[in-house]
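Dumped final-v1.cif below, it's mmCIF, N, CA and C atoms:
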```
data_run
#
loop_
_atom_site.label_atom_id
_atom_site.label_comp_id
_atom_site.auth_asym_id
_atom_site.auth_seq_id
_atom_site.Cartn_x
_atom_site.Cartn_y
_atom_site.Cartn_z
N MET A 1 63.60 -166.85 55.33
CA MET A 1 62.61 -165.78 55.31
C MET A 1 61.47 -166.18 54.38
N ARG A 2 60.25 -165.91 54.82
CA ARG A 2 59.07 -166.26 54.04
C ARG A 2 58.37 -164.97 53.57
N GLU A 3 57.43 -165.16 52.66
CA GLU A 3 56.72 -164.02 52.07
C GLU A 3 55.98 -163.19 53.13
N HIS A 4 55.39 -163.84 54.11
CA HIS A 4 54.64 -163.12 55.13
C HIS A 4 55.55 -162.39 56.12
N GLN A 5 56.84 -162.64 56.04
CA GLN A 5 57.78 -161.99 56.95
C GLN A 5 58.42 -160.73 56.34
N LEU A 6 58.14 -160.50 55.05
CA LEU A 6 58.70 -159.32 54.38
C LEU A 6 58.05 -158.04 54.91
N GLN A 7 58.85 -157.04 55.19
CA GLN A 7 58.31 -155.74 55.60
C GLN A 7 59.33 -154.65 55.25
N PRO A 8 58.84 -153.41 55.02
CA PRO A 8 59.76 -152.32 54.66
C PRO A 8 60.67 -151.98 55.84
N PRO A 9 61.84 -151.43 55.56
CA PRO A 9 62.75 -151.06 56.66
C PRO A 9 62.17 -149.95 57.54
N LYS A 10 62.63 -149.84 58.75
CA LYS A 10 62.15 -148.83 59.69
C LYS A 10 62.35 -147.43 59.11
N GLY A 11 61.32 -146.60 59.18
CA GLY A 11 61.40 -145.22 58.70
C GLY A 11 61.01 -145.06 57.24
N ALA A 12 60.82 -146.17 56.49
CA ALA A 12 60.45 -146.08 55.08
C ALA A 12 58.97 -145.73 54.94
N ARG A 13 58.13 -146.16 55.87
CA ARG A 13 56.69 -145.87 55.84
C ARG A 13 56.36 -144.96 57.00
N LYS A 14 55.61 -143.89 56.70
CA LYS A 14 55.23 -142.94 57.75
C LYS A 14 53.73 -143.01 57.94
N ALA A 15 53.28 -143.05 59.19
CA ALA A 15 51.84 -143.12 59.48
C ALA A 15 51.19 -141.81 59.07
N ARG A 16 49.96 -141.89 58.54
CA ARG A 16 49.28 -140.67 58.07
C ARG A 16 48.89 -139.80 59.27
N MET A 17 48.79 -138.50 59.00
CA MET A 17 48.44 -137.55 60.05
C MET A 17 46.94 -137.63 60.29
N ARG A 18 46.53 -137.82 61.56
CA ARG A 18 45.11 -137.88 61.91
C ARG A 18 44.67 -136.49 62.35
N ILE A 19 44.15 -135.72 61.40
CA ILE A 19 43.79 -134.33 61.62
C ILE A 19 42.55 -134.21 62.50
N GLY A 20 42.57 -133.24 63.40
CA GLY A 20 41.40 -132.92 64.23
C GLY A 20 41.11 -133.94 65.30
N ARG A 21 42.15 -134.56 65.85
CA ARG A 21 41.94 -135.55 66.92
C ARG A 21 42.62 -135.11 68.21
N GLY A 22 42.69 -133.79 68.40
CA GLY A 22 43.25 -133.25 69.64
C GLY A 22 44.70 -132.82 69.49
N ASN A 23 45.11 -131.91 70.39
CA ASN A 23 46.47 -131.36 70.32
C ASN A 23 47.54 -132.42 70.56
N ALA A 24 47.24 -133.40 71.38
CA ALA A 24 48.22 -134.45 71.68
C ALA A 24 48.53 -135.27 70.44
N ALA A 25 47.57 -135.39 69.53
CA ALA A 25 47.77 -136.16 68.29
C ALA A 25 48.61 -135.39 67.28
N GLY A 26 48.80 -134.08 67.50
CA GLY A 26 49.66 -133.28 66.62
C GLY A 26 48.93 -132.53 65.53
N GLY A 27 47.63 -132.71 65.39
CA GLY A 27 46.90 -131.98 64.35
C GLY A 27 45.59 -131.46 64.88
N GLY A 28 45.62 -130.99 66.11
CA GLY A 28 44.39 -130.50 66.74
C GLY A 28 44.14 -129.03 66.47
N THR A 29 43.32 -128.40 67.30
CA THR A 29 42.93 -126.99 67.24
C THR A 29 42.46 -126.60 65.83
N THR A 30 43.34 -126.09 64.99
CA THR A 30 42.91 -125.63 63.66
C THR A 30 43.01 -126.74 62.61
N GLY A 31 43.68 -127.81 62.91
CA GLY A 31 43.76 -128.95 61.99
C GLY A 31 44.46 -128.65 60.68
N GLY A 32 45.48 -127.79 60.72
CA GLY A 32 46.26 -127.49 59.51
C GLY A 32 45.58 -126.56 58.54
N ARG A 33 44.47 -125.91 58.99
CA ARG A 33 43.73 -125.01 58.09
C ARG A 33 44.02 -123.54 58.35
N GLY A 34 44.91 -123.24 59.26
CA GLY A 34 45.15 -121.84 59.61
C GLY A 34 44.05 -121.35 60.53
N THR A 35 44.00 -120.05 60.76
CA THR A 35 42.97 -119.53 61.67
C THR A 35 41.93 -118.72 60.93
N LYS A 36 40.70 -118.96 61.24
CA LYS A 36 39.53 -118.22 60.73
C LYS A 36 39.46 -118.16 59.20
N GLY A 37 38.45 -117.54 58.71
CA GLY A 37 38.27 -117.34 57.28
C GLY A 37 37.51 -118.45 56.60
N GLN A 38 37.15 -118.20 55.36
CA GLN A 38 36.29 -119.10 54.59
C GLN A 38 36.91 -120.49 54.43
N ASN A 39 38.20 -120.54 54.23
CA ASN A 39 38.85 -121.83 53.97
C ASN A 39 39.09 -122.66 55.23
N SER A 40 38.91 -122.05 56.38
CA SER A 40 39.09 -122.81 57.62
C SER A 40 37.80 -123.53 58.03
N ARG A 41 36.68 -123.16 57.41
CA ARG A 41 35.39 -123.73 57.79
C ARG A 41 35.17 -125.09 57.13
N SER A 42 34.30 -125.87 57.74
CA SER A 42 33.96 -127.17 57.16
C SER A 42 32.92 -126.98 56.06
N GLY A 43 32.72 -127.98 55.27
CA GLY A 43 31.72 -127.90 54.20
C GLY A 43 32.34 -127.58 52.87
N ARG A 44 31.52 -127.09 51.97
CA ARG A 44 31.96 -126.86 50.60
C ARG A 44 32.91 -125.67 50.49
N SER A 45 33.95 -125.84 49.70
CA SER A 45 34.89 -124.73 49.48
C SER A 45 34.39 -123.86 48.33
N THR A 46 35.17 -122.87 47.94
CA THR A 46 34.76 -121.93 46.90
C THR A 46 34.76 -122.59 45.53
N ILE A 47 33.99 -122.03 44.62
CA ILE A 47 33.92 -122.57 43.26
C ILE A 47 35.13 -122.12 42.46
N ARG A 48 35.37 -122.79 41.36
CA ARG A 48 36.49 -122.45 40.49
C ARG A 48 36.27 -121.05 39.90
N GLY A 49 37.28 -120.22 39.97
CA GLY A 49 37.18 -118.87 39.43
C GLY A 49 36.69 -117.85 40.45
N PHE A 50 36.37 -118.28 41.69
CA PHE A 50 35.89 -117.36 42.72
C PHE A 50 37.06 -116.54 43.24
N GLU A 51 36.87 -115.21 43.34
CA GLU A 51 37.95 -114.32 43.74
C GLU A 51 37.57 -113.52 44.97
N GLY A 52 36.95 -114.18 45.92
CA GLY A 52 36.67 -113.53 47.19
C GLY A 52 35.60 -112.46 47.12
N GLY A 53 34.68 -112.55 46.20
CA GLY A 53 33.60 -111.58 46.09
C GLY A 53 33.90 -110.48 45.08
N GLN A 54 35.15 -110.36 44.66
CA GLN A 54 35.50 -109.41 43.61
C GLN A 54 34.96 -109.93 42.29
N LEU A 55 34.72 -109.02 41.35
CA LEU A 55 34.21 -109.44 40.04
C LEU A 55 35.23 -110.40 39.41
N ARG A 56 34.76 -111.55 39.00
CA ARG A 56 35.67 -112.55 38.44
C ARG A 56 36.38 -112.02 37.20
N MET A 57 37.62 -112.42 37.04
CA MET A 57 38.43 -111.92 35.93
C MET A 57 37.79 -112.28 34.58
N ILE A 58 37.22 -113.47 34.50
CA ILE A 58 36.64 -113.92 33.23
C ILE A 58 35.45 -113.06 32.82
N LYS A 59 34.79 -112.43 33.79
CA LYS A 59 33.65 -111.55 33.49
C LYS A 59 34.12 -110.27 32.79
N GLY A 60 35.34 -109.87 33.09
CA GLY A 60 35.88 -108.66 32.47
C GLY A 60 36.52 -108.91 31.13
N LEU A 61 36.53 -110.16 30.69
CA LEU A 61 37.13 -110.52 29.40
C LEU A 61 36.06 -111.14 28.50
N PRO A 62 35.18 -110.34 27.95
CA PRO A 62 34.07 -110.90 27.18
C PRO A 62 34.52 -111.69 25.95
N MET A 63 35.70 -111.34 25.40
CA MET A 63 36.16 -112.05 24.20
C MET A 63 36.63 -113.46 24.50
N LYS A 64 36.81 -113.78 25.77
CA LYS A 64 37.25 -115.12 26.13
C LYS A 64 36.07 -116.06 26.39
N ARG A 65 34.86 -115.50 26.42
CA ARG A 65 33.70 -116.34 26.70
C ARG A 65 33.13 -116.88 25.41
N GLY A 66 32.06 -117.63 25.51
CA GLY A 66 31.43 -118.20 24.32
C GLY A 66 31.95 -119.60 24.07
N PHE A 67 31.94 -120.01 22.82
CA PHE A 67 32.38 -121.37 22.51
C PHE A 67 32.98 -121.40 21.12
N THR A 68 33.66 -122.49 20.80
CA THR A 68 34.17 -122.68 19.45
C THR A 68 33.33 -123.76 18.78
N ASN A 69 32.88 -123.46 17.60
CA ASN A 69 32.02 -124.38 16.86
C ASN A 69 32.88 -125.48 16.26
N LYS A 70 32.68 -126.71 16.75
CA LYS A 70 33.52 -127.81 16.26
C LYS A 70 33.11 -128.29 14.87
N PHE A 71 31.98 -127.81 14.37
CA PHE A 71 31.52 -128.21 13.04
C PHE A 71 31.91 -127.20 11.96
N LYS A 72 32.56 -126.09 12.33
CA LYS A 72 32.93 -125.07 11.37
C LYS A 72 33.99 -125.61 10.41
N ALA A 73 33.81 -125.33 9.14
CA ALA A 73 34.77 -125.78 8.13
C ALA A 73 35.83 -124.70 7.92
N TYR A 74 37.09 -125.05 8.06
CA TYR A 74 38.19 -124.13 7.81
C TYR A 74 38.81 -124.49 6.47
N TYR A 75 39.09 -123.45 5.66
CA TYR A 75 39.60 -123.66 4.32
C TYR A 75 41.04 -123.19 4.20
N ALA A 76 41.81 -123.87 3.36
CA ALA A 76 43.13 -123.41 2.98
C ALA A 76 42.90 -122.39 1.86
N LEU A 77 43.32 -121.16 2.05
CA LEU A 77 43.02 -120.08 1.11
C LEU A 77 44.13 -119.92 0.08
N VAL A 78 43.71 -119.79 -1.18
CA VAL A 78 44.66 -119.59 -2.29
C VAL A 78 44.25 -118.33 -3.03
N MET A 79 45.19 -117.39 -3.18
CA MET A 79 44.92 -116.14 -3.90
C MET A 79 44.98 -116.40 -5.41
N LEU A 80 44.18 -115.66 -6.12
CA LEU A 80 44.09 -115.82 -7.58
C LEU A 80 45.42 -115.48 -8.26
N GLU A 81 46.13 -114.50 -7.70
CA GLU A 81 47.41 -114.08 -8.30
C GLU A 81 48.47 -115.18 -8.26
N SER A 82 48.34 -116.13 -7.32
CA SER A 82 49.32 -117.22 -7.25
C SER A 82 49.09 -118.27 -8.34
N LEU A 83 47.95 -118.20 -9.03
CA LEU A 83 47.66 -119.12 -10.13
C LEU A 83 48.27 -118.63 -11.45
N GLU A 84 48.83 -117.42 -11.41
CA GLU A 84 49.44 -116.82 -12.60
C GLU A 84 50.67 -117.60 -13.07
N GLN A 85 51.31 -118.36 -12.19
CA GLN A 85 52.53 -119.10 -12.53
C GLN A 85 52.27 -120.34 -13.38
N PHE A 86 51.00 -120.75 -13.51
CA PHE A 86 50.67 -121.93 -14.31
C PHE A 86 50.55 -121.55 -15.79
N ASN A 87 50.78 -122.53 -16.66
CA ASN A 87 50.72 -122.29 -18.11
C ASN A 87 49.29 -122.24 -18.60
N THR A 88 49.08 -121.62 -19.75
CA THR A 88 47.75 -121.53 -20.36
C THR A 88 47.25 -122.92 -20.73
N GLY A 89 46.00 -123.19 -20.43
CA GLY A 89 45.39 -124.48 -20.73
C GLY A 89 45.67 -125.56 -19.71
N GLU A 90 46.45 -125.26 -18.70
CA GLU A 90 46.80 -126.25 -17.68
C GLU A 90 45.64 -126.47 -16.70
N ARG A 91 45.55 -127.71 -16.20
CA ARG A 91 44.50 -128.04 -15.21
C ARG A 91 45.14 -127.95 -13.82
N VAL A 92 44.72 -126.94 -13.06
CA VAL A 92 45.29 -126.67 -11.74
C VAL A 92 44.52 -127.48 -10.70
N SER A 93 45.10 -128.62 -10.31
CA SER A 93 44.46 -129.49 -9.32
C SER A 93 45.07 -129.25 -7.94
N LEU A 94 44.49 -129.89 -6.93
CA LEU A 94 45.00 -129.75 -5.56
C LEU A 94 46.42 -130.31 -5.44
N GLU A 95 46.66 -131.43 -6.15
CA GLU A 95 47.99 -132.05 -6.12
C GLU A 95 49.05 -131.12 -6.72
N LEU A 96 48.66 -130.44 -7.80
CA LEU A 96 49.58 -129.52 -8.46
C LEU A 96 49.88 -128.31 -7.58
N LEU A 97 48.86 -127.81 -6.89
CA LEU A 97 49.05 -126.69 -5.96
C LEU A 97 49.98 -127.10 -4.82
N GLN A 98 49.83 -128.33 -4.36
CA GLN A 98 50.67 -128.87 -3.28
C GLN A 98 52.13 -128.99 -3.76
N GLU A 99 52.28 -129.47 -4.99
CA GLU A 99 53.59 -129.68 -5.59
C GLU A 99 54.37 -128.37 -5.72
N ARG A 100 53.66 -127.32 -6.14
CA ARG A 100 54.30 -126.01 -6.34
C ARG A 100 54.52 -125.23 -5.04
N GLY A 101 54.01 -125.76 -3.92
CA GLY A 101 54.22 -125.11 -2.63
C GLY A 101 53.22 -124.01 -2.32
N ILE A 102 52.14 -123.94 -3.10
CA ILE A 102 51.10 -122.94 -2.84
C ILE A 102 50.24 -123.39 -1.66
N LEU A 103 49.94 -124.70 -1.62
CA LEU A 103 49.18 -125.28 -0.51
C LEU A 103 50.13 -125.89 0.49
N ARG A 104 49.89 -125.64 1.77
CA ARG A 104 50.74 -126.23 2.79
C ARG A 104 50.04 -127.42 3.44
N ASP A 105 48.77 -127.24 3.80
CA ASP A 105 48.03 -128.28 4.52
C ASP A 105 47.13 -129.02 3.54
N LYS A 106 47.47 -130.28 3.25
CA LYS A 106 46.68 -131.01 2.26
C LYS A 106 45.40 -131.62 2.84
N GLY A 107 45.24 -131.57 4.16
CA GLY A 107 44.06 -132.14 4.79
C GLY A 107 42.85 -131.22 4.72
N MET A 108 43.08 -129.93 4.48
CA MET A 108 41.99 -128.95 4.48
C MET A 108 41.40 -128.78 3.10
N PRO A 109 40.09 -128.45 3.02
CA PRO A 109 39.50 -128.11 1.72
C PRO A 109 40.06 -126.76 1.24
N VAL A 110 40.05 -126.56 -0.07
CA VAL A 110 40.68 -125.37 -0.67
C VAL A 110 39.63 -124.39 -1.16
N LYS A 111 39.88 -123.10 -0.87
CA LYS A 111 39.01 -122.04 -1.36
C LYS A 111 39.86 -121.04 -2.13
N ILE A 112 39.42 -120.70 -3.34
CA ILE A 112 40.14 -119.74 -4.19
C ILE A 112 39.55 -118.36 -3.96
N LEU A 113 40.41 -117.40 -3.61
CA LEU A 113 39.98 -116.03 -3.38
C LEU A 113 40.32 -115.17 -4.58
N GLY A 114 39.54 -114.11 -4.80
CA GLY A 114 39.69 -113.27 -5.99
C GLY A 114 40.69 -112.15 -5.86
N ASP A 115 41.73 -112.29 -5.03
CA ASP A 115 42.75 -111.24 -4.89
C ASP A 115 43.73 -111.31 -6.05
N GLY A 116 43.96 -110.19 -6.68
CA GLY A 116 44.90 -110.13 -7.80
C GLY A 116 44.21 -110.36 -9.14
N GLU A 117 45.02 -110.48 -10.18
CA GLU A 117 44.50 -110.66 -11.53
C GLU A 117 45.01 -111.97 -12.12
N LEU A 118 44.25 -112.52 -13.08
CA LEU A 118 44.64 -113.73 -13.78
C LEU A 118 44.51 -113.46 -15.28
N THR A 119 45.59 -113.69 -16.02
CA THR A 119 45.59 -113.39 -17.46
C THR A 119 45.58 -114.65 -18.31
N LYS A 120 45.84 -115.82 -17.69
CA LYS A 120 45.92 -117.07 -18.44
C LYS A 120 44.66 -117.90 -18.28
N ALA A 121 44.28 -118.59 -19.36
CA ALA A 121 43.10 -119.45 -19.33
C ALA A 121 43.48 -120.80 -18.74
N VAL A 122 43.14 -121.01 -17.49
CA VAL A 122 43.44 -122.28 -16.81
C VAL A 122 42.16 -122.87 -16.24
N THR A 123 42.16 -124.20 -16.08
CA THR A 123 41.04 -124.89 -15.43
C THR A 123 41.43 -125.07 -13.97
N VAL A 124 40.66 -124.48 -13.09
CA VAL A 124 40.98 -124.51 -11.66
C VAL A 124 40.02 -125.46 -10.94
N VAL A 125 40.61 -126.40 -10.18
CA VAL A 125 39.82 -127.38 -9.42
C VAL A 125 40.00 -127.07 -7.93
N ALA A 126 38.87 -126.82 -7.24
CA ALA A 126 38.93 -126.54 -5.79
C ALA A 126 37.57 -126.83 -5.17
N HIS A 127 37.53 -126.77 -3.84
CA HIS A 127 36.28 -127.05 -3.13
C HIS A 127 35.31 -125.87 -3.17
N LYS A 128 35.86 -124.63 -3.09
CA LYS A 128 35.02 -123.44 -3.12
C LYS A 128 35.73 -122.31 -3.83
N PHE A 129 34.92 -121.38 -4.38
CA PHE A 129 35.43 -120.20 -5.06
C PHE A 129 34.63 -119.00 -4.59
N THR A 130 35.30 -117.86 -4.43
CA THR A 130 34.55 -116.65 -4.16
C THR A 130 33.95 -116.19 -5.49
N GLN A 131 32.95 -115.35 -5.41
CA GLN A 131 32.25 -114.90 -6.62
C GLN A 131 33.20 -114.14 -7.54
N SER A 132 34.06 -113.29 -6.93
CA SER A 132 35.00 -112.50 -7.74
C SER A 132 36.05 -113.39 -8.40
N ALA A 133 36.50 -114.44 -7.70
CA ALA A 133 37.49 -115.36 -8.27
C ALA A 133 36.89 -116.10 -9.45
N ARG A 134 35.67 -116.55 -9.31
CA ARG A 134 34.98 -117.26 -10.39
C ARG A 134 34.85 -116.38 -11.63
N GLN A 135 34.47 -115.11 -11.41
CA GLN A 135 34.30 -114.18 -12.54
C GLN A 135 35.63 -113.89 -13.24
N LYS A 136 36.70 -113.71 -12.46
CA LYS A 136 38.01 -113.38 -13.05
C LYS A 136 38.59 -114.56 -13.82
N ILE A 137 38.37 -115.79 -13.33
CA ILE A 137 38.88 -116.99 -14.03
C ILE A 137 38.15 -117.15 -15.36
N GLU A 138 36.83 -116.97 -15.32
CA GLU A 138 36.03 -117.12 -16.55
C GLU A 138 36.28 -115.98 -17.52
N ALA A 139 36.59 -114.78 -17.01
CA ALA A 139 36.89 -113.63 -17.87
C ALA A 139 38.22 -113.83 -18.60
N ALA A 140 39.14 -114.57 -17.97
CA ALA A 140 40.45 -114.84 -18.59
C ALA A 140 40.35 -116.02 -19.58
N GLY A 141 39.16 -116.63 -19.69
CA GLY A 141 38.97 -117.74 -20.63
C GLY A 141 39.13 -119.11 -19.98
N GLY A 142 39.28 -119.14 -18.67
CA GLY A 142 39.43 -120.41 -17.96
C GLY A 142 38.11 -120.97 -17.49
N THR A 143 38.17 -122.14 -16.88
CA THR A 143 36.96 -122.75 -16.33
C THR A 143 37.16 -123.09 -14.85
N VAL A 144 36.02 -123.27 -14.18
CA VAL A 144 36.01 -123.52 -12.74
C VAL A 144 35.38 -124.89 -12.51
N GLU A 145 36.07 -125.73 -11.70
CA GLU A 145 35.51 -127.06 -11.34
C GLU A 145 35.45 -127.15 -9.82
N GLU A 146 34.23 -127.32 -9.30
CA GLU A 146 34.06 -127.50 -7.85
C GLU A 146 34.06 -128.96 -7.52
N ILE A 147 34.77 -129.32 -6.45
CA ILE A 147 34.84 -130.73 -6.03
C ILE A 147 33.63 -131.03 -5.16
#
```

Just give me the structure as structure tokens.
Amino acid sequence: MREHQLQPPKGARKARMRIGRGNAAGGGTTGGRGTKGQNSRSGRSTIRGFEGGQLRMIKGLPMKRGFTNKFKAYYALVMLESLEQFNTGERVSLELLQERGILRDKGMPVKILGDGELTKAVTVVAHKFTQSARQKIEAAGGTVEEI
């Protein structure tokens, strides 16, 4: 047996259906498109999201439209009350917050929010601070360092 003599066994390959070549060919009359209607016609079919002339579902869901800004900065938020566990005079860095389990995602920039009270004078290092958080840290005798 030679390479040019190789062929698949009988019944392994099926000839493609030749649609619209008469009833004798097996795909005549409607050509597998059913009878009548928009989808049986030749030419362009309906657009994505078309619902037969009814108001499209996406039009009734205004909150699903619009876009997401890929340049928006998302921050890992830290409440001021969670800084109460640190000792007086301690420098609260991102690594220390990560170590204590306050920060979960180390890839995100950190923002300190002014929720709660702070009684200890600590140096807090973060990317951003809310105005109230900055005031409360400084009122407790601590300092703020922005990265």

Can you tell me, as number ranges by chain, which residues in chain A count as strand (DSSP E or B) by DSSP? A: 76-79, 91-92, 110-113, 123-126, 128-129, 143-146

- List, as number ranges by chain, every residue that the PyMOL selection byres ((chain A and resi 115-129) around 8) selects in the file provided. A: 78-84, 86-94, 109-114, 130-147

Once the PyMOL selection byres (((chain A and resi 31 and name CA) around 9) and name CA) has been applied to the shown file, what residues remain in the selection, as an mmCIF file with N, CA and C atoms, in the frame of the given file?
```cif
data_model
loop_
_atom_site.group_PDB
_atom_site.id
_atom_site.type_symbol
_atom_site.label_atom_id
_atom_site.label_comp_id
_atom_site.auth_asym_id
_atom_site.auth_seq_id
_atom_site.Cartn_x
_atom_site.Cartn_y
_atom_site.Cartn_z
ATOM 1 N N ILE A 19 44.150 -135.720 61.400
ATOM 2 C CA ILE A 19 43.790 -134.330 61.620
ATOM 3 C C ILE A 19 42.550 -134.210 62.500
ATOM 4 N N GLY A 20 42.570 -133.240 63.400
ATOM 5 C CA GLY A 20 41.400 -132.920 64.230
ATOM 6 C C GLY A 20 41.110 -133.940 65.300
ATOM 7 N N ARG A 21 42.150 -134.560 65.850
ATOM 8 C CA ARG A 21 41.940 -135.550 66.920
ATOM 9 C C ARG A 21 42.620 -135.110 68.210
ATOM 10 N N GLY A 22 42.690 -133.790 68.400
ATOM 11 C CA GLY A 22 43.250 -133.250 69.640
ATOM 12 C C GLY A 22 44.700 -132.820 69.490
ATOM 13 N N GLY A 26 48.800 -134.080 67.500
ATOM 14 C CA GLY A 26 49.660 -133.280 66.620
ATOM 15 C C GLY A 26 48.930 -132.530 65.530
ATOM 16 N N GLY A 27 47.630 -132.710 65.390
ATOM 17 C CA GLY A 27 46.900 -131.980 64.350
ATOM 18 C C GLY A 27 45.590 -131.460 64.880
ATOM 19 N N GLY A 28 45.620 -130.990 66.110
ATOM 20 C CA GLY A 28 44.390 -130.500 66.740
ATOM 21 C C GLY A 28 44.140 -129.030 66.470
ATOM 22 N N THR A 29 43.320 -128.400 67.300
ATOM 23 C CA THR A 29 42.930 -126.990 67.240
ATOM 24 C C THR A 29 42.460 -126.600 65.830
ATOM 25 N N THR A 30 43.340 -126.090 64.990
ATOM 26 C CA THR A 30 42.910 -125.630 63.660
ATOM 27 C C THR A 30 43.010 -126.740 62.610
ATOM 28 N N GLY A 32 45.480 -127.790 60.720
ATOM 29 C CA GLY A 32 46.260 -127.490 59.510
ATOM 30 C C GLY A 32 45.580 -126.560 58.540
ATOM 31 N N ARG A 33 44.470 -125.910 58.990
ATOM 32 C CA ARG A 33 43.730 -125.010 58.090
ATOM 33 C C ARG A 33 44.020 -123.540 58.350
ATOM 34 N N GLY A 34 44.910 -123.240 59.260
ATOM 35 C CA GLY A 34 45.150 -121.840 59.610
ATOM 36 C C GLY A 34 44.050 -121.350 60.530
ATOM 37 N N SER A 40 38.910 -122.050 56.380
ATOM 38 C CA SER A 40 39.090 -122.810 57.620
ATOM 39 C C SER A 40 37.800 -123.530 58.030
#
```

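Atom N of Lys70 of chain A lies 28.0 Å from atom CA of Leu97 of chain A.
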
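Going from atom CA of Ala73 of chain A over to atom CA of Met108 of chain A, you cover 8.7 Å.
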
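Within chain A, the backbone-based DSSP assignment of alpha helix (DSSP H) covers Leu94, Glu95, Leu96, Leu97, Gln98, Glu99, Gln131, Ser132, Ala133, Arg134, Gln135, Lys136, Ile137, Glu138 and Ala139 of chain A.
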
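Computed from the coordinates, the atom C of Glu95 of chain A to atom CA of Leu77 of chain A distance equals 14.8 Å.
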